[in-house]
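Step one of this worksheet: look at the structure below.
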Amino acid sequence: MVAAMIKRSPLMSEPTYFILAALLDGPLHGYGVIKRAEEQSDGRVRLAVGTLYGALDRMTGNGQIVVDREETVDGRPRRYFRITDEGRHAVTQEAERMEQAARIVTRRTMPRTGTAPA
Amino acid sequence: MSAGTAAGGRPRRFPLETWYELLLRAYPAGYREAHGAEVVGTLLEASGPGRRLPSLRESAGLLVGGFTARARRVADGPTPWWADGLHLGVFTLAVINLAYAITGFTGAGDAWVASRAGWVAGSVLLVLVLLRGWVWPAVPLVLAGAFGVSRHLLFDFDALGWMPIYAPIYSNWASLTPYWLLAGGVIALAVRSSLAARSSSATRASAEGGSSAAGASRGLRARSWRWLAIPVAALVFTGLGLAGHWGFSSVWTLARAGLEGGLLLAGVGATAVARSPRWALAAAIYLLPGAVSAAGHLSLQPRGSLDTIYWAVLTALLAVMAATAYRVRART
């Protein structure tokens with residue numbers, strides 16, 4: 001059943017997942033998303049700016065995020081993006097899917113940790 | 001390192017900012033106008049102090065992002081995917097026809113009659129009207145071309161004795177495929193344009209304001225002027241003697257095969273990111289005449305193992321593009 005659920009759920013790319021996760025605590029601008037994603041992944045996810053804006057445009061089109069407000073800083077425009085209910089639902093569903101997938105492995109391996117012969 | 005000021009009075013970071021602005025040209029002009037300054041600002045923030053040149057990772061991200069933005073903009077346009085794909089397919093046939101008209105190549109057993117000037121002029125005109133998306137002016141040109149190249153086989157004219165009319169003479173049916181495919185495609189687009197115009201008028205008559213979307217979807221979008229680089233390259237190849245006898249040499253063939261492979265690969269990428277089958281349709285239209293010729297042992301390409309590899313690669317790329325189109329449409 002878990003395997004069927006994993007298969008049925010649409011896969012979400014890693015950049016999309018971390019961008020949505022970064023926006024869970026509130027609206028952020030482009031560089032803010034890059035920094036937050038890097039922090040939350042312990043430095044593993046470093047989004048290239050071209051990748052970031054491509055994903056932001058796609059997610060705006062999908063209705064997963066919206067532009068919250070625009071500001072001008074040092075003469076440059078800056079958009080702040082906010083996650084929508086749809087985006088929150090999608091990232092939560094993806095987190096549950098990954099948790100279920102991880103549990104398949106961890107429930108078998110975790111109890112043996114520490115008891116396996118050296 | 002700062003030098004000078006940019007818009008808004010902020011210090012300009014040379015040469016990093018200039019490099020980023022250059023790389024941003026990969027994006028469509030509309031996107032650059034709307035978000036270019038913001039993207040460059042984010043790039044500068046992400047680059048940190050002291051950096052003078054963009055990193056390979058950011059450069060690749062911008063190039064891929066620009067390509068993706070262009071593909072999505074095309075797919076989001078008002079023209080239905082099949083009409084846009086058909087337009088691109090017949091346009092590429094017209095471009096390659098012009099390139100061969102310039103090099104002087106016809107095909108095995110075929111012949112030019114008198115001067116090529118009229119045929120080259122007509123081929124240039126056809127490329128220009130299709131490039132601008134004007135489908136009706138293209139109809140007489142494609143019909144004249146299709147009947148012209150078919151006159152010997154269709155009407156049994158004594159080709160060499162008859163007046164040197166508009167088109168080379170083809171003495172095999174396979175060589176006629178691109179011209180009739182081109183004619184059929186252009187006529188289908190013209191019929192669609194008329195039907196869409198009628199539908200647009202009916203919409204305008206029934207409801208004010210509903211006509212703008214229908215009107216927008218009626219027209220075909222103009223293609224990039226960069227396509228003209230192909231006939232210009234054919235002109236240069238011919239001028240330098242690299243097109244060889246009848247426009248057929250290893251240099252010319254390799255250049256064409258490389259370009260075809262590159263464009264098909266780009267088509268696979270565009271299909272994946274924009275989730276549209278339009279590029280697969282265009283590629284199928286473009287490859288069909290060559291496949292018919294190859295099947296009839298009348299290929300324009302070198303025969304033997306190289307010929308087999310060439311067709312295997314092109315067919316595989318088309319199959320990948322079609323499979324990508326099917327998968328992404330099934331997922332949406």
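Residues in the structure tokens are named by chain (A, B, ... in the order shown) and by number from 1 within that chain; ligands are numbered from 1 in the order shown.
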
For this session: Specify as a ChimeraX atom specification all residues of chain A found within 12 Å of chain B, counting only C-alpha atoms.
Result: /A:8-11,29-35,38,46-58,61-62,70-80

I need the chosen residues saved as a short mmCIF file (atom, residue, chain, number, x, y, z; two decimals), in the first residue's frame, with N, CA and C atoms.
data_model
loop_
_atom_site.label_atom_id
_atom_site.label_comp_id
_atom_site.auth_asym_id
_atom_site.auth_seq_id
_atom_site.Cartn_x
_atom_site.Cartn_y
_atom_site.Cartn_z
N ARG A 8 1.90 6.61 -6.84
CA ARG A 8 0.82 7.46 -7.33
C ARG A 8 1.13 8.95 -7.18
N SER A 9 1.91 9.31 -6.17
CA SER A 9 2.17 10.73 -5.93
C SER A 9 3.07 11.30 -7.02
N PRO A 10 2.72 12.50 -7.55
CA PRO A 10 3.60 13.11 -8.54
C PRO A 10 4.92 13.50 -7.89
N LEU A 11 6.03 13.17 -8.54
CA LEU A 11 7.32 13.47 -7.95
C LEU A 11 7.61 14.97 -8.03
N HIS A 29 12.47 37.07 -0.79
CA HIS A 29 12.87 37.44 -2.15
C HIS A 29 13.85 36.39 -2.68
N GLY A 30 14.27 36.54 -3.93
CA GLY A 30 15.08 35.50 -4.58
C GLY A 30 16.30 35.07 -3.79
N TYR A 31 17.14 36.02 -3.38
CA TYR A 31 18.36 35.64 -2.66
C TYR A 31 18.02 35.07 -1.28
N GLY A 32 16.91 35.56 -0.70
CA GLY A 32 16.46 35.02 0.59
C GLY A 32 16.12 33.55 0.48
N VAL A 33 15.49 33.16 -0.64
CA VAL A 33 15.14 31.75 -0.86
C VAL A 33 16.42 30.92 -0.99
N ILE A 34 17.40 31.44 -1.72
CA ILE A 34 18.67 30.71 -1.92
C ILE A 34 19.34 30.45 -0.56
N LYS A 35 19.39 31.51 0.27
CA LYS A 35 20.05 31.38 1.59
C LYS A 35 19.31 30.41 2.49
N GLU A 38 19.72 26.81 1.44
CA GLU A 38 21.07 26.33 1.78
C GLU A 38 21.17 26.00 3.27
N ARG A 46 22.40 24.21 -3.15
CA ARG A 46 22.80 25.59 -3.51
C ARG A 46 22.17 25.90 -4.86
N LEU A 47 21.08 26.64 -4.81
CA LEU A 47 20.31 26.90 -6.04
C LEU A 47 21.03 27.93 -6.91
N ALA A 48 21.22 27.59 -8.19
CA ALA A 48 21.72 28.59 -9.14
C ALA A 48 20.59 29.58 -9.40
N VAL A 49 20.96 30.83 -9.65
CA VAL A 49 19.93 31.87 -9.79
C VAL A 49 19.00 31.59 -10.98
N GLY A 50 19.57 31.13 -12.09
CA GLY A 50 18.74 30.78 -13.26
C GLY A 50 17.76 29.67 -12.93
N THR A 51 18.22 28.67 -12.19
CA THR A 51 17.33 27.57 -11.79
C THR A 51 16.24 28.09 -10.86
N LEU A 52 16.63 28.95 -9.92
CA LEU A 52 15.68 29.49 -8.95
C LEU A 52 14.54 30.23 -9.65
N TYR A 53 14.88 31.18 -10.53
CA TYR A 53 13.83 31.99 -11.16
C TYR A 53 12.98 31.17 -12.12
N GLY A 54 13.60 30.16 -12.78
CA GLY A 54 12.80 29.26 -13.63
C GLY A 54 11.76 28.54 -12.80
N ALA A 55 12.19 28.04 -11.62
CA ALA A 55 11.27 27.31 -10.74
C ALA A 55 10.22 28.27 -10.17
N LEU A 56 10.62 29.48 -9.80
CA LEU A 56 9.66 30.45 -9.25
C LEU A 56 8.59 30.81 -10.28
N ASP A 57 9.02 30.99 -11.55
CA ASP A 57 8.05 31.31 -12.61
C ASP A 57 7.07 30.16 -12.79
N ARG A 58 7.61 28.92 -12.81
CA ARG A 58 6.75 27.75 -13.01
C ARG A 58 5.77 27.60 -11.85
N GLY A 61 3.04 30.08 -12.03
CA GLY A 61 2.06 29.63 -13.03
C GLY A 61 1.16 28.52 -12.50
N ASN A 62 1.75 27.63 -11.69
CA ASN A 62 0.98 26.50 -11.13
C ASN A 62 0.08 26.91 -9.97
N GLU A 70 6.36 43.91 -3.99
CA GLU A 70 7.58 44.29 -4.71
C GLU A 70 8.22 45.47 -4.00
N GLU A 71 9.54 45.45 -3.93
CA GLU A 71 10.28 46.55 -3.31
C GLU A 71 11.42 46.95 -4.24
N THR A 72 11.97 48.12 -4.01
CA THR A 72 13.16 48.52 -4.74
C THR A 72 14.29 48.71 -3.73
N VAL A 73 15.36 47.96 -3.91
CA VAL A 73 16.51 48.01 -3.00
C VAL A 73 17.76 48.32 -3.82
N ASP A 74 18.49 49.38 -3.45
CA ASP A 74 19.67 49.81 -4.20
C ASP A 74 19.37 50.02 -5.69
N GLY A 75 18.20 50.55 -5.97
CA GLY A 75 17.85 50.84 -7.37
C GLY A 75 17.38 49.62 -8.16
N ARG A 76 17.29 48.47 -7.49
CA ARG A 76 16.86 47.27 -8.22
C ARG A 76 15.52 46.77 -7.67
N PRO A 77 14.63 46.34 -8.59
CA PRO A 77 13.35 45.78 -8.11
C PRO A 77 13.58 44.42 -7.45
N ARG A 78 12.73 44.10 -6.53
CA ARG A 78 12.88 42.84 -5.79
C ARG A 78 11.47 42.32 -5.47
N ARG A 79 11.16 41.11 -5.93
CA ARG A 79 9.84 40.51 -5.64
C ARG A 79 9.95 39.60 -4.43
N TYR A 80 8.96 39.66 -3.59
CA TYR A 80 8.86 38.72 -2.46
C TYR A 80 7.78 37.70 -2.80
#

For this session: Might you pull out every residue within 8 Å of Glu94 (chain A), with only C-alpha atoms counted and same-chain residues fewer than 2 positions away left off, and present them as a PyMOL selection string?
Result: chain A and resi 9+11-12+17+90-92+96-98

Those same residues - C-alpha atoms - I'd like them written as a compact mmCIF listing (two decimals), in the first residue's frame.
# COMPACT_ATOMS: atom_id res chain seq x y z
CA SER A 9 2.17 10.73 -5.93
CA LEU A 11 7.32 13.47 -7.95
CA MET A 12 8.59 16.89 -6.94
CA TYR A 17 10.79 21.07 -2.60
CA ALA A 90 1.97 20.01 -2.32
CA VAL A 91 5.12 20.30 -0.17
CA THR A 92 3.40 18.63 2.80
CA GLU A 96 4.83 12.64 3.78
CA ARG A 97 5.70 10.66 0.67
CA MET A 98 9.41 10.85 1.45

Problem set entry | Given only C-alpha atoms as the counted atoms, nearest of A:Arg69, A:Ser13, A:Arg44, A:Leu23 to Asp85 (chain A) | A:Leu23
